[in-house]
Every structure is written in C-alpha cells, then in structure tokens.
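Novice: Supplied structure: structure_24.cif, mmCIF, C-alpha atoms.
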```cif
data_start
loop_
_atom_site.label_atom_id
_atom_site.label_comp_id
_atom_site.auth_asym_id
_atom_site.auth_seq_id
_atom_site.Cartn_x
_atom_site.Cartn_y
_atom_site.Cartn_z
CA MET H 927 67.04 -32.48 -81.79
CA LEU H 928 64.81 -31.75 -84.79
CA GLU H 929 64.19 -35.45 -85.33
CA THR H 930 63.24 -35.92 -81.65
CA TRP H 931 60.80 -33.03 -81.98
CA ARG H 932 59.15 -34.61 -85.06
CA ILE H 933 58.88 -38.03 -83.41
CA ALA H 934 57.32 -36.42 -80.34
CA GLU H 935 54.79 -34.58 -82.50
CA ILE H 936 53.85 -37.77 -84.31
CA VAL H 937 53.44 -39.60 -81.01
CA VAL H 938 51.24 -36.82 -79.60
CA TRP H 939 48.91 -36.67 -82.58
CA ILE H 940 48.64 -40.43 -83.00
CA SER H 941 47.85 -40.78 -79.30
CA LEU H 942 45.25 -38.01 -79.45
CA ALA H 943 43.67 -39.54 -82.56
CA ALA H 944 43.52 -42.96 -80.91
CA LEU H 945 41.83 -41.54 -77.80
CA LEU H 946 39.26 -39.68 -79.88
CA TYR H 947 38.58 -42.80 -81.94
CA VAL H 948 38.00 -45.01 -78.90
CA TYR H 949 35.59 -42.68 -77.12
CA VAL H 950 34.02 -40.73 -79.99
CA GLY H 951 34.96 -42.03 -83.43
CA TYR H 952 34.03 -45.68 -83.02
CA PRO H 953 30.66 -45.08 -81.31
CA LEU H 954 29.87 -42.39 -83.89
CA PHE H 955 30.78 -44.72 -86.76
CA LEU H 956 28.46 -47.42 -85.37
CA ALA H 957 25.64 -44.91 -84.94
CA ILE H 958 25.95 -43.64 -88.52
CA VAL H 959 26.08 -47.12 -90.06
CA GLY H 960 23.16 -48.21 -87.90
CA LEU H 961 20.97 -45.46 -89.38
CA PHE H 962 20.89 -47.38 -92.66
CA ILE H 963 20.02 -50.76 -91.12
CA SER H 964 16.64 -51.67 -89.67
CA LYS H 965 16.38 -54.43 -87.09
CA ARG H 966 13.26 -55.54 -85.25
CA HIS H 967 13.07 -56.92 -81.75
CA ALA H 968 12.48 -60.64 -81.48
CA ALA H 969 8.81 -61.33 -80.72
CA LEU H 970 7.89 -62.75 -77.33
CA GLY H 971 6.42 -66.23 -77.25
CA TYR H 972 9.33 -68.64 -77.63
CA VAL H 973 9.88 -70.14 -74.17
CA PRO H 974 12.35 -73.06 -74.27
CA THR H 975 13.52 -74.80 -71.12
CA ILE H 976 16.15 -72.75 -69.34
CA SER H 977 18.69 -73.36 -66.60
CA ILE H 978 19.63 -70.29 -64.56
CA LEU H 979 23.16 -70.69 -63.22
CA ILE H 980 24.01 -68.45 -60.25
CA ALA H 981 27.68 -68.49 -59.27
CA ALA H 982 27.97 -67.77 -55.55
CA TYR H 983 30.73 -67.48 -52.99
CA ASN H 984 29.73 -66.59 -49.41
CA GLU H 985 26.47 -64.91 -50.41
CA GLU H 986 24.46 -65.70 -47.28
CA ALA H 987 23.40 -62.05 -47.00
CA GLY H 988 21.51 -62.02 -50.28
CA ILE H 989 21.10 -65.49 -51.75
CA GLN H 990 17.61 -66.05 -50.35
CA LYS H 991 16.34 -62.79 -51.80
CA LYS H 992 18.00 -63.58 -55.12
CA LEU H 993 16.29 -66.97 -55.33
CA GLU H 994 12.90 -65.56 -54.34
CA GLU H 995 13.19 -62.84 -57.00
CA THR H 996 14.29 -65.36 -59.63
CA LEU H 997 11.39 -67.71 -58.87
CA ALA H 998 9.01 -64.75 -59.22
CA LEU H 999 10.18 -63.87 -62.75
CA ASP H 1000 7.56 -64.06 -65.49
CA TYR H 1001 8.42 -67.32 -67.26
CA PRO H 1002 6.58 -70.68 -67.48
CA PRO H 1003 7.52 -72.33 -64.16
CA GLU H 1004 7.69 -75.79 -65.70
CA ASN H 1005 10.43 -74.60 -68.06
CA ILE H 1006 12.81 -73.26 -65.38
CA GLU H 1007 15.46 -74.77 -63.18
CA ILE H 1008 17.73 -72.70 -60.93
CA ILE H 1009 21.16 -74.00 -60.01
CA VAL H 1010 23.22 -72.24 -57.37
CA LEU H 1011 26.90 -72.94 -58.03
CA SER H 1012 28.50 -72.67 -54.61
CA ASP H 1013 32.20 -72.13 -55.26
CA GLY H 1014 33.55 -73.33 -51.93
CA SER H 1015 31.33 -71.10 -49.78
CA THR H 1016 32.28 -71.18 -46.10
CA ASP H 1017 29.25 -69.33 -44.70
CA ARG H 1018 25.54 -70.33 -44.67
CA THR H 1019 25.01 -69.96 -48.42
CA ASP H 1020 24.65 -73.73 -48.99
CA ASP H 1021 22.28 -74.20 -46.05
CA ILE H 1022 20.01 -71.38 -47.20
CA VAL H 1023 19.74 -72.87 -50.69
CA ARG H 1024 19.03 -76.35 -49.31
CA GLU H 1025 16.17 -74.95 -47.22
CA PHE H 1026 14.21 -73.94 -50.35
CA SER H 1027 11.24 -76.25 -50.79
CA ASP H 1028 10.72 -75.33 -54.45
CA ARG H 1029 12.02 -78.29 -56.48
CA ARG H 1030 13.19 -75.96 -59.26
CA VAL H 1031 16.04 -74.80 -57.00
CA ARG H 1032 19.16 -76.97 -56.82
CA LEU H 1033 22.44 -76.56 -55.00
CA LEU H 1034 25.56 -77.64 -56.82
CA ARG H 1035 28.66 -77.37 -54.67
CA VAL H 1036 31.76 -77.15 -56.81
CA PRO H 1037 34.27 -79.71 -55.47
CA GLU H 1038 37.25 -77.35 -55.55
CA ARG H 1039 37.20 -73.55 -55.51
CA LYS H 1040 38.55 -72.48 -58.90
CA GLY H 1041 36.51 -69.38 -59.61
CA LYS H 1042 33.41 -68.32 -61.50
CA THR H 1043 34.29 -69.67 -64.94
CA ASN H 1044 35.09 -73.12 -63.55
CA ALA H 1045 31.83 -73.10 -61.57
CA GLN H 1046 29.91 -72.27 -64.75
CA ASN H 1047 31.63 -75.13 -66.58
CA PHE H 1048 30.56 -77.44 -63.77
CA GLY H 1049 27.01 -76.12 -63.84
CA ALA H 1050 26.66 -76.42 -67.61
CA GLN H 1051 27.41 -80.14 -67.36
CA ALA H 1052 24.63 -80.64 -64.82
CA ALA H 1053 22.04 -78.30 -66.39
CA ARG H 1054 19.04 -79.74 -68.21
CA GLY H 1055 17.77 -76.64 -70.00
CA GLU H 1056 18.05 -75.91 -73.71
CA ILE H 1057 19.26 -72.43 -72.79
CA LEU H 1058 21.77 -71.55 -70.07
CA VAL H 1059 21.27 -68.19 -68.34
CA PHE H 1060 24.17 -66.84 -66.28
CA SER H 1061 23.49 -64.54 -63.35
CA ASP H 1062 25.28 -63.08 -60.35
CA ALA H 1063 23.95 -63.45 -56.83
CA THR H 1064 23.64 -59.67 -56.41
CA THR H 1065 21.79 -58.92 -59.65
CA VAL H 1066 18.10 -58.03 -59.89
CA TYR H 1067 16.32 -58.91 -63.16
CA HIS H 1068 13.44 -57.16 -64.86
CA PRO H 1069 10.31 -59.35 -64.48
CA LEU H 1070 10.28 -60.18 -68.22
CA ALA H 1071 14.06 -60.48 -68.60
CA LEU H 1072 14.03 -64.26 -69.14
CA GLN H 1073 11.35 -64.03 -71.82
CA TYR H 1074 13.26 -61.28 -73.60
CA LEU H 1075 16.45 -63.35 -73.58
CA ALA H 1076 14.75 -66.59 -74.62
CA CYS H 1077 12.72 -65.25 -77.54
CA ASN H 1078 15.91 -64.46 -79.47
CA PHE H 1079 16.77 -68.17 -79.57
CA ALA H 1080 13.80 -68.83 -81.85
CA ASP H 1081 16.34 -67.93 -84.53
CA PRO H 1082 18.60 -71.02 -84.85
CA ARG H 1083 21.49 -68.78 -85.96
CA ILE H 1084 21.67 -67.18 -82.49
CA GLY H 1085 24.14 -68.88 -80.16
CA ALA H 1086 24.21 -66.37 -77.29
CA VAL H 1087 22.24 -63.34 -76.10
CA SER H 1088 23.37 -60.52 -73.85
CA GLY H 1089 21.04 -58.61 -71.61
CA CYS H 1090 21.55 -54.98 -70.61
CA TYR H 1091 23.13 -53.57 -67.44
CA GLN H 1092 21.56 -50.70 -65.55
CA TYR H 1093 23.76 -49.59 -62.66
CA PHE H 1094 22.54 -47.49 -59.76
CA ASP H 1095 24.17 -45.88 -56.75
CA PRO H 1096 21.85 -46.68 -53.83
CA THR H 1097 23.46 -44.26 -51.38
CA GLY H 1098 24.52 -41.58 -53.82
CA ASN H 1099 27.89 -41.47 -52.04
CA SER H 1100 30.08 -43.53 -54.38
CA PRO H 1101 32.89 -41.32 -55.75
CA THR H 1102 32.90 -43.33 -58.98
CA GLY H 1103 29.17 -44.11 -59.12
CA LEU H 1104 28.10 -41.66 -61.82
CA GLY H 1105 31.22 -42.47 -63.86
CA MET H 1106 30.37 -46.17 -63.74
CA ILE H 1107 26.78 -45.45 -64.80
CA ALA H 1108 27.98 -43.26 -67.70
CA PHE H 1109 30.53 -45.88 -68.80
CA TRP H 1110 27.94 -48.66 -68.92
CA ASN H 1111 25.45 -46.45 -70.74
CA LEU H 1112 28.12 -46.03 -73.41
CA GLU H 1113 28.78 -49.80 -73.37
CA ASN H 1114 25.10 -50.54 -73.85
CA PHE H 1115 24.90 -48.06 -76.72
CA ILE H 1116 27.90 -49.66 -78.44
CA LYS H 1117 26.50 -53.18 -78.01
CA MET H 1118 23.12 -52.11 -79.36
CA ALA H 1119 24.75 -50.48 -82.38
CA GLN H 1120 27.00 -53.50 -83.03
CA TRP H 1121 23.99 -55.82 -82.91
CA ARG H 1122 22.01 -53.56 -85.22
CA ILE H 1123 24.77 -53.99 -87.81
CA ARG H 1124 25.28 -57.73 -87.35
CA THR H 1125 26.53 -59.28 -84.09
CA ILE H 1126 28.20 -58.38 -80.81
CA THR H 1127 31.40 -59.90 -79.46
CA GLY H 1128 30.87 -59.81 -75.69
CA CYS H 1129 28.02 -60.11 -73.21
CA CYS H 1130 27.07 -58.46 -69.93
CA GLY H 1131 28.44 -60.75 -67.24
CA CYS H 1132 25.46 -60.85 -64.89
CA ILE H 1133 22.77 -61.33 -67.55
CA TYR H 1134 23.51 -63.38 -70.62
CA ALA H 1135 22.34 -66.64 -72.12
CA VAL H 1136 23.99 -69.32 -74.24
CA ARG H 1137 22.42 -72.09 -76.27
CA HIS H 1138 23.34 -75.25 -74.35
CA SER H 1139 24.53 -76.98 -77.49
CA ALA H 1140 26.82 -74.00 -78.22
CA TYR H 1141 28.40 -73.88 -74.75
CA THR H 1142 32.18 -74.32 -74.59
CA SER H 1143 34.07 -75.38 -71.47
CA LEU H 1144 36.58 -72.60 -70.75
CA SER H 1145 39.86 -72.21 -68.90
CA CYS H 1146 39.48 -70.98 -65.32
CA ASP H 1147 41.57 -67.85 -65.88
CA VAL H 1148 39.47 -66.27 -68.65
CA ILE H 1149 36.32 -64.18 -68.33
CA SER H 1150 33.37 -66.16 -69.58
CA ASP H 1151 31.06 -63.32 -70.65
CA LEU H 1152 33.62 -62.28 -73.27
CA VAL H 1153 35.06 -65.63 -74.33
CA GLN H 1154 31.87 -67.73 -74.33
CA PRO H 1155 30.26 -65.51 -77.03
CA LEU H 1156 33.51 -65.55 -79.01
CA TRP H 1157 33.47 -69.35 -79.07
CA ALA H 1158 29.84 -69.24 -80.21
CA ILE H 1159 30.93 -67.01 -83.09
CA ARG H 1160 33.74 -69.44 -83.96
CA LYS H 1161 31.11 -72.18 -84.16
CA GLY H 1162 29.16 -70.19 -86.72
CA TYR H 1163 26.55 -68.55 -84.48
CA ARG H 1164 25.67 -64.90 -84.03
CA VAL H 1165 25.46 -63.13 -80.66
CA ALA H 1166 22.47 -60.88 -79.98
CA PHE H 1167 22.02 -57.90 -77.70
CA GLU H 1168 18.63 -57.61 -76.03
CA GLU H 1169 18.27 -54.18 -74.44
CA ARG H 1170 14.82 -55.07 -73.06
CA ALA H 1171 16.35 -57.76 -70.80
CA LEU H 1172 17.42 -55.47 -67.98
CA ALA H 1173 19.62 -56.35 -65.03
CA TYR H 1174 19.98 -53.92 -62.14
CA GLU H 1175 23.25 -53.85 -60.22
CA GLU H 1176 24.76 -51.57 -57.58
CA THR H 1177 27.80 -49.52 -58.47
CA THR H 1178 31.00 -50.14 -56.56
CA ARG H 1179 31.26 -48.05 -53.41
CA SER H 1180 34.81 -46.72 -53.66
CA ALA H 1181 37.57 -46.07 -56.18
CA SER H 1182 39.72 -48.80 -54.60
CA GLU H 1183 36.92 -51.37 -54.91
CA GLU H 1184 36.35 -50.41 -58.53
CA PHE H 1185 40.09 -50.53 -59.27
CA SER H 1186 40.50 -54.02 -57.81
CA MET H 1187 37.49 -55.32 -59.68
CA ARG H 1188 38.57 -53.81 -63.01
CA VAL H 1189 42.11 -55.21 -62.72
CA ARG H 1190 40.68 -58.69 -62.27
CA VAL H 1191 38.12 -58.28 -65.06
CA VAL H 1192 40.50 -56.78 -67.62
CA THR H 1193 43.30 -59.25 -66.87
CA ARG H 1194 40.87 -62.13 -67.41
CA GLY H 1195 39.52 -60.39 -70.50
CA ILE H 1196 42.97 -60.02 -72.08
CA ARG H 1197 43.76 -63.66 -71.33
CA GLY H 1198 40.43 -64.60 -72.84
CA LEU H 1199 41.06 -62.72 -76.06
CA LEU H 1200 44.54 -64.22 -76.30
CA SER H 1201 42.91 -67.66 -76.13
CA VAL H 1202 41.11 -67.03 -79.46
CA PRO H 1203 43.73 -65.03 -81.42
CA ASP H 1204 42.36 -66.04 -84.83
CA LEU H 1205 39.35 -63.78 -84.24
CA LEU H 1206 41.70 -60.80 -84.48
CA ASN H 1207 42.48 -61.73 -88.10
CA PRO H 1208 40.50 -59.24 -90.24
CA LEU H 1209 40.99 -61.36 -93.36
CA LYS H 1210 39.05 -64.23 -91.76
CA TYR H 1211 36.71 -62.42 -89.34
CA GLY H 1212 36.36 -58.93 -90.79
CA TRP H 1213 33.52 -57.40 -88.75
CA ILE H 1214 34.34 -59.40 -85.62
CA SER H 1215 38.02 -58.47 -85.79
CA PHE H 1216 37.14 -54.81 -86.34
CA GLN H 1217 34.92 -54.83 -83.24
CA LEU H 1218 37.49 -56.54 -81.04
CA LEU H 1219 40.30 -54.22 -82.13
CA SER H 1220 38.18 -51.07 -81.76
CA HIS H 1221 36.20 -51.95 -78.65
CA LYS H 1222 38.63 -54.12 -76.69
CA VAL H 1223 42.27 -53.90 -77.78
CA LEU H 1224 42.39 -50.14 -78.34
CA ARG H 1225 40.38 -49.47 -75.18
CA TRP H 1226 42.80 -51.56 -73.12
CA ALA H 1227 45.61 -49.56 -74.76
CA VAL H 1228 44.14 -46.17 -73.70
CA PRO H 1229 46.46 -45.79 -70.65
CA PHE H 1230 49.46 -46.11 -72.95
CA PHE H 1231 48.08 -43.47 -75.29
CA LEU H 1232 47.58 -41.20 -72.27
CA LEU H 1233 51.18 -41.76 -71.16
CA PHE H 1234 52.50 -41.17 -74.68
CA LEU H 1235 50.44 -38.00 -74.97
CA PHE H 1236 51.80 -36.71 -71.67
CA ALA H 1237 55.42 -37.63 -72.50
CA GLY H 1238 55.20 -36.14 -76.00
CA ASN H 1239 53.79 -32.90 -74.65
CA ALA H 1240 56.56 -32.76 -72.06
CA ILE H 1241 59.18 -32.98 -74.83
CA LEU H 1242 57.38 -30.29 -76.83
CA TRP H 1243 56.71 -27.99 -73.87
CA SER H 1244 58.60 -25.05 -75.40
CA HIS H 1245 55.86 -24.59 -78.01
CA PRO H 1246 52.89 -22.57 -76.65
CA ILE H 1247 50.20 -25.03 -77.88
CA TYR H 1248 51.91 -28.09 -76.40
CA ARG H 1249 52.73 -26.19 -73.21
CA LEU H 1250 49.03 -25.39 -72.83
CA SER H 1251 48.13 -29.03 -73.50
CA LEU H 1252 50.63 -30.18 -70.87
CA ALA H 1253 49.25 -27.67 -68.37
CA LEU H 1254 45.70 -28.94 -68.98
CA GLN H 1255 46.84 -32.51 -68.37
CA PHE H 1256 48.55 -31.52 -65.13
CA ALA H 1257 45.36 -29.74 -64.06
CA PHE H 1258 43.21 -32.74 -64.97
CA TYR H 1259 45.30 -35.30 -63.08
CA GLY H 1260 45.73 -32.91 -60.17
CA PHE H 1261 41.97 -32.51 -59.96
CA VAL H 1262 41.52 -36.30 -60.05
CA LEU H 1263 43.99 -36.67 -57.19
CA LEU H 1264 42.07 -34.04 -55.24
CA THR H 1265 38.75 -35.88 -55.77
CA LEU H 1266 40.46 -39.08 -54.63
CA LEU H 1267 41.43 -37.41 -51.35
CA LEU H 1268 38.30 -35.29 -50.78
CA PRO H 1269 34.62 -36.26 -51.34
CA LEU H 1270 33.99 -33.43 -53.80
CA HIS H 1271 31.49 -35.62 -55.71
CA ARG H 1272 29.02 -34.97 -52.89
CA LEU H 1273 28.87 -31.35 -53.99
CA TRP H 1274 28.10 -32.29 -57.61
CA LYS H 1275 28.09 -35.90 -58.84
CA PRO H 1276 29.67 -35.28 -62.30
CA ILE H 1277 32.84 -34.25 -60.47
CA GLY H 1278 33.46 -37.98 -59.91
CA ILE H 1279 33.54 -38.87 -63.63
CA PRO H 1280 37.25 -37.93 -64.15
CA LEU H 1281 38.16 -40.12 -61.16
CA TYR H 1282 36.31 -43.06 -62.69
CA PHE H 1283 38.03 -42.47 -66.05
CA CYS H 1284 41.45 -42.57 -64.40
CA THR H 1285 40.55 -45.53 -62.18
CA LEU H 1286 39.41 -47.49 -65.23
CA ASN H 1287 42.58 -46.78 -67.19
CA ALA H 1288 44.94 -47.26 -64.25
CA ALA H 1289 43.36 -50.70 -63.84
CA ALA H 1290 43.84 -51.45 -67.55
CA LEU H 1291 47.51 -50.47 -67.28
CA CYS H 1292 47.99 -52.72 -64.25
CA SER H 1293 46.19 -55.54 -66.05
CA VAL H 1294 48.62 -55.42 -68.96
CA LEU H 1295 51.51 -55.50 -66.51
CA GLU H 1296 49.89 -58.46 -64.74
CA ILE H 1297 49.71 -60.31 -68.06
CA VAL H 1298 53.40 -59.61 -68.69
CA ARG H 1299 54.19 -60.92 -65.20
CA GLY H 1300 52.17 -64.06 -65.86
CA ARG H 1301 49.66 -63.29 -63.08
CA LYS H 1302 46.30 -65.06 -63.30
CA TYR H 1303 43.03 -64.13 -61.59
CA VAL H 1304 40.78 -67.12 -60.98
CA ILE H 1305 38.80 -66.77 -57.74
CA TRP H 1306 36.87 -63.74 -56.49
CA GLN H 1307 35.89 -62.31 -53.13
CA THR H 1308 32.43 -61.10 -52.16
CA VAL H 1309 32.58 -57.34 -51.57
CA ARG H 1310 28.96 -56.55 -50.69
CA ASN H 1311 27.53 -57.66 -47.37
#
```
Translate the structure of the given file into structure tokens.
Specialist:
Amino acid sequence: MLETWRIAEIVVWISLAALLYVYVGYPLFLAIVGLFISKRHAALGYVPTISILIAAYNEEAGIQKKLEETLALDYPPENIEIIVLSDGSTDRTDDIVREFSDRRVRLLRVPERKGKTNAQNFGAQAARGEILVFSDATTVYHPLALQYLACNFADPRIGAVSGCYQYFDPTGNSPTGLGMIAFWNLENFIKMAQWRIRTITGCCGCIYAVRHSAYTSLSCDVISDLVQPLWAIRKGYRVAFEERALAYEETTRSASEEFSMRVRVVTRGIRGLLSVPDLLNPLKYGWISFQLLSHKVLRWAVPFFLLFLFAGNAILWSHPIYRLSLALQFAFYGFVLLTLLLPLHRLWKPIGIPLYFCTLNAAALCSVLEIVRGRKYVIWQTVRN
C-alpha cells in the first residue's frame, strides 16, 4: 500500500511538471534565451520567381475570390505564377479557374484524389518558380506577404520560410474561437522565439514557402507543413519564421469541427515525425531534437499526463491536498462539459478556452490511438461553404 502511494505521488508530480513545462516552462525558456540574441528582419527587395500552389477540393464558393486576392498581392507580376491543384473536385472549382483570363493562373487537376500532400507533390513537379509558396483556398494574405516570405531566401542557407497565422471569429459565436486564437498566438510566439535562437522545425500550413531545389516529395499520409521543413533541415538548410507575412483564417465554427480537424492534423503530424526519426536524436540534431521533443512530442503526450494526473489524484484522495486537486479537476471537466452543452461562451468569450483546451487534447489522444490502429488520414473534406 505504501509503495502504491509513493508511485502515485511520483506519477502526479511528474505529470504536473510535464504540463507546466509544455505550456509555461518551454515558452519561458525560449523567451529568456532570446533576450540575449539579436536578429534582424530580412530586408525587402529580393523578389525571385515564385509559384503559388493552392490545394483545392470543391472550393467553388471561394476560389474566384482567392485568385483575385492573390493576383492583387504586391509582388512583381512577371515573377508570379498561380497553380490551383484541384484534388478531384466534383463541383465548379475547375471551371471557375479555367475562366480566368490572366495567364499567370493555371489549373492542374490531380489525376487521382490522394489528398493535399500528394497534390503539392504533383504541383511542385509542374511549378516553374524558384520558390514554392503553399496556400489554402480559404486563406487571405497580407498585401506584402509574398515579399516578406521571399526576401528571406536572399540568404542561401534558408530552405523554407513560415508565415504567421492570425485567426479570427467572424460571427463571434464559435465556442472554441477564442481558444483557437489564443493557441495560435502562443504558437506564433514559440516559432518567433525558436527562430530568434536559430531555426524552427515546422511551418504554418496555409502560408509557407520552400526553396524549389530543397523540396522533397512526401508520402500522402504525412502533413507537409511539418515534414517539408524537417527535410529541408536534413539537407542542411535552416527554416525561418517571418511574422510580417500574415495569413488571415477563420476559426472553426464548432467543437466537433475543431476536433475532427485536429485528429486529422495530429495523426498526420505524428506519422510525419515518425518518417524522420533521426531528427529526434539529440546527439546528432541537438537544438532540432530539443524543439521537436518539447514542442511536438510532449505536447502530443499532454492528454496522457492529464489522465495520469487524474488517476494519481484518485489514488491519493485520502490526503487533503490531493483530494482538493481531484475536486478541482472534477470541477474543471464538469464545467467543460457544461460549456459543450450550453453556449455559455456567448456570455463571456474566455469561457470557451477550457473547452478548446480539452478539445485539442482529446483530439491528440484519439490521434495516438489512430496511429496504434494503423489508421491513415490522406484526403480532406471542405467544411466552409
């Protein structure tokens, strides 16, 4: 009995320490180290030829607006080509793209629907630009976003550049909207701090660029915005974060939509990291390995730490401190369940943050189980109409 008690205490404190490290310790460490390192923004002026690859599946509702906005971006028009990668669209997406008279716009219909990563592989083969820029059909770019991305490639050591997400809730009614915004603000802070120290290990999926010569054809079941930069690092390049290159994207509209999306993203992310296991070797890739373990592996393990913390507290419930901790956890999860059933976030938006936290970690838990089951996520469905 005494030994069980000690094991439970160890489990509780290790779990608590891991949770604090993921959400507080690691970002704080990056911020402190970054204080002693100065890094200047790349200067505008380098404008190589670029190919903007837009993966699209049944995007008839917004593809015309996306193309018009992309053509209006502030970048030398003679140095741009836009390729819409239609991944087996069954609506009017292809027809709308074909109707564009601007010769910079091309339609590339992927022969067989195998998902976004496969479509990007297909597009990279056909692209003519020195730099490949990857965008989603629903994303709005800052007018100077392309210039901000491109100028970093003046440094031949840079193999990929990530832009910066800014999420917004257009209706103000999303139960997880503010949580999603807060999460990505933290992500952007971490990426900025990682880049200030040396390099980042993953890009923002709807706004990132890769040197064409550094592009690697990837398996269909991995997430390209994580694995493509990792392959660039393996080839000896660095990956930059450009916070001035802004991309604006709507938050998901419900907890179920966010959950489904995160399960797909995290499952593909885990598979992607497993495809380059040598990068987790700290003896060979010290800083890179440290980032991946701290920012990816431990974050994906958070739901297990939460379960261990709850189970350990349940075993130790007879002690007043652990009984209080268990009661607080019951109250927290009970409140989350209540916000899932009732739109309390409409009274005060921060009320939705605990729901987003639990949605995120429930999805991570399911993703790990999907990996164990051998489940692969390749194709995606359009959720915004």
Novice: Determine the residue set returned by the PyMOL selection byres ((chain H and resi 977) around 8) for the present structure, and present it as a PDB file with C-alpha atoms, in the coordinates of the input.
Specialist:
```pdb
ATOM      1  CA  THR H 975      13.520 -74.800 -71.120  1.00  0.00           C
ATOM      2  CA  ILE H 976      16.150 -72.750 -69.340  1.00  0.00           C
ATOM      3  CA  ILE H 978      19.630 -70.290 -64.560  1.00  0.00           C
ATOM      4  CA  LEU H 979      23.160 -70.690 -63.220  1.00  0.00           C
ATOM      5  CA  ILE H1006      12.810 -73.260 -65.380  1.00  0.00           C
ATOM      6  CA  GLU H1007      15.460 -74.770 -63.180  1.00  0.00           C
ATOM      7  CA  ILE H1008      17.730 -72.700 -60.930  1.00  0.00           C
ATOM      8  CA  ILE H1009      21.160 -74.000 -60.010  1.00  0.00           C
ATOM      9  CA  ALA H1053      22.040 -78.300 -66.390  1.00  0.00           C
ATOM     10  CA  ARG H1054      19.040 -79.740 -68.210  1.00  0.00           C
ATOM     11  CA  GLY H1055      17.770 -76.640 -70.000  1.00  0.00           C
ATOM     12  CA  GLU H1056      18.050 -75.910 -73.710  1.00  0.00           C
ATOM     13  CA  ILE H1057      19.260 -72.430 -72.790  1.00  0.00           C
ATOM     14  CA  LEU H1058      21.770 -71.550 -70.070  1.00  0.00           C
ATOM     15  CA  VAL H1059      21.270 -68.190 -68.340  1.00  0.00           C
TER      16      VAL H1059
END
```
Novice: Which of these, H:Ile1305, H:Ala987, H:Val973, H:Ala1171, has the shortest distance to Val1066 (chain H) once you count all atoms listed in the file?
Specialist: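 The shortest atom-to-atom distance to Val1066 (chain H) comes from H:Ala1171.
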Novice: Within 12 Å of (26.5, -49.3, -73.5), all atoms listed in the file: residues as number ranges by chain?
Specialist: H: 949, 953, 1088-1093, 1106-1121, 1126, 1128-1130, 1167-1169, 1221
Novice: At a cut-off of 8 Å, using all atoms listed in the file, what residues contact Ser1061 (chain H)? Leave out same-chain residues fewer than 3 positions from it and give the result as a count of residues only.
Specialist: 9
Novice: Give me the result of the PyMOL selection byres ((chain H and resi 1075-1084) around 6) on this file, residue by residue, as a PyMOL selection string.
Specialist: chain H and resi 968+970+972+1072-1074+1085-1086+1163-1165
Novice: Let's have the selection written as an mmCIF file, in the coordinates of the input, with C-alpha atoms.
Specialist:
```
data_model
loop_
_atom_site.group_PDB
_atom_site.id
_atom_site.type_symbol
_atom_site.label_atom_id
_atom_site.label_comp_id
_atom_site.auth_asym_id
_atom_site.auth_seq_id
_atom_site.Cartn_x
_atom_site.Cartn_y
_atom_site.Cartn_z
ATOM 1 C CA ALA H 968 12.480 -60.640 -81.480
ATOM 2 C CA LEU H 970 7.890 -62.750 -77.330
ATOM 3 C CA TYR H 972 9.330 -68.640 -77.630
ATOM 4 C CA LEU H 1072 14.030 -64.260 -69.140
ATOM 5 C CA GLN H 1073 11.350 -64.030 -71.820
ATOM 6 C CA TYR H 1074 13.260 -61.280 -73.600
ATOM 7 C CA GLY H 1085 24.140 -68.880 -80.160
ATOM 8 C CA ALA H 1086 24.210 -66.370 -77.290
ATOM 9 C CA TYR H 1163 26.550 -68.550 -84.480
ATOM 10 C CA ARG H 1164 25.670 -64.900 -84.030
ATOM 11 C CA VAL H 1165 25.460 -63.130 -80.660
#
```
Novice: Which neighbours of Val1228 (chain H) fall inside 12 Å, counting all atoms listed in the file, when residues of the same chain fewer than 6 positions from it are skipped, and could you give them as a PyMOL selection string?
Specialist: chain H and resi 940-949+1220-1222+1234-1235+1283-1284+1286-1291+1294
Novice: Starting from the displayed file, determine the output of the PyMOL selection byres ((chain H and resi 1279) around 12) and express the residue list as a PyMOL selection string.
Specialist: chain H and resi 1100-1109+1181+1258+1261-1262+1265-1266+1270-1271+1274-1278+1280-1286
Novice: Could you please take those selected residues and save C-alpha atoms as a CSV table (one decimal), keeping the file's coordinate frame?
Specialist:
```
chain,number,residue,atom,x,y,z
H,1100,SER,CA,30.1,-43.5,-54.4
H,1101,PRO,CA,32.9,-41.3,-55.8
H,1102,THR,CA,32.9,-43.3,-59.0
H,1103,GLY,CA,29.2,-44.1,-59.1
H,1104,LEU,CA,28.1,-41.7,-61.8
H,1105,GLY,CA,31.2,-42.5,-63.9
H,1106,MET,CA,30.4,-46.2,-63.7
H,1107,ILE,CA,26.8,-45.4,-64.8
H,1108,ALA,CA,28.0,-43.3,-67.7
H,1109,PHE,CA,30.5,-45.9,-68.8
H,1181,ALA,CA,37.6,-46.1,-56.2
H,1258,PHE,CA,43.2,-32.7,-65.0
H,1261,PHE,CA,42.0,-32.5,-60.0
H,1262,VAL,CA,41.5,-36.3,-60.0
H,1265,THR,CA,38.8,-35.9,-55.8
H,1266,LEU,CA,40.5,-39.1,-54.6
H,1270,LEU,CA,34.0,-33.4,-53.8
H,1271,HIS,CA,31.5,-35.6,-55.7
H,1274,TRP,CA,28.1,-32.3,-57.6
H,1275,LYS,CA,28.1,-35.9,-58.8
H,1276,PRO,CA,29.7,-35.3,-62.3
H,1277,ILE,CA,32.8,-34.2,-60.5
H,1278,GLY,CA,33.5,-38.0,-59.9
H,1280,PRO,CA,37.2,-37.9,-64.2
H,1281,LEU,CA,38.2,-40.1,-61.2
H,1282,TYR,CA,36.3,-43.1,-62.7
H,1283,PHE,CA,38.0,-42.5,-66.0
H,1284,CYS,CA,41.4,-42.6,-64.4
H,1285,THR,CA,40.6,-45.5,-62.2
H,1286,LEU,CA,39.4,-47.5,-65.2
```
Novice: Between H:Thr1125, H:Leu954, H:Cys1146, H:Asp1021, which one has atoms that come closest to Gln1217 (chain H), using all atoms listed in the file?
Specialist: H:Thr1125
Novice: Rank nothing, just name the residue among H:Ala1227, H:Leu1172, H:Leu956, H:Leu1199 nearest to Val1153 (chain H), using all atoms listed in the file.
Specialist: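 Distance minimum relative to Val1153 (chain H) lands on H:Leu1199.
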Novice: With distances taken over all atoms listed in the file, which of H:Ala969, H:Val959, H:Ala1063, H:Leu1219 is nearest to Lys992 (chain H)?
Specialist: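 Of all the options, H:Ala1063 lies closest to Lys992 (chain H).
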Novice: For a cutoff of 6 Å around the file-coordinate point (23.3, -75.2, -58.1), which residues qualify once you count all atoms listed in the file? I'd like the result as JSON, numbers by chain.
Specialist: {"H": [1009, 1010, 1011, 1032, 1033, 1034]}
Novice: Hey, can I get the axis-aligned box for region 1254-1257 of chain H? All listed atoms, 3 Å padding on each side, centre and edge lengths in Å to one decimal, as AutoDock Vina command-line options.
Specialist:
```
--center_x 47.0 --center_y -30.7 --center_z -66.5 --size_x 9.2 --size_y 9.6 --size_z 10.9
```
Novice: Can you list, as a ChimeraX atom specification, every protein, DNA or RNA residue that comes within 10 Å of Pro1037 (chain H) when you count all atoms listed in the file, leaving out same-chain residues fewer than 6 positions away?
Specialist: /H:1012-1014,1045,1048
Novice: Could you check the closest approach to Gly1238 (chain H) for each of H:Ser1143, H:Gln990, H:Arg1225, H:Gln1255 and tell me which residue wins, using only C-alpha atoms?
Specialist: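 Closest candidate: H:Gln1255.
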Novice: What does the distance between CA of Ile936 (chain H) and CA of Ala1240 (chain H) come to in Å, to one decimal place?
Specialist: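 According to the coordinates, CA of Ile936 (chain H) and CA of Ala1240 (chain H) are separated by 13.5 Å.
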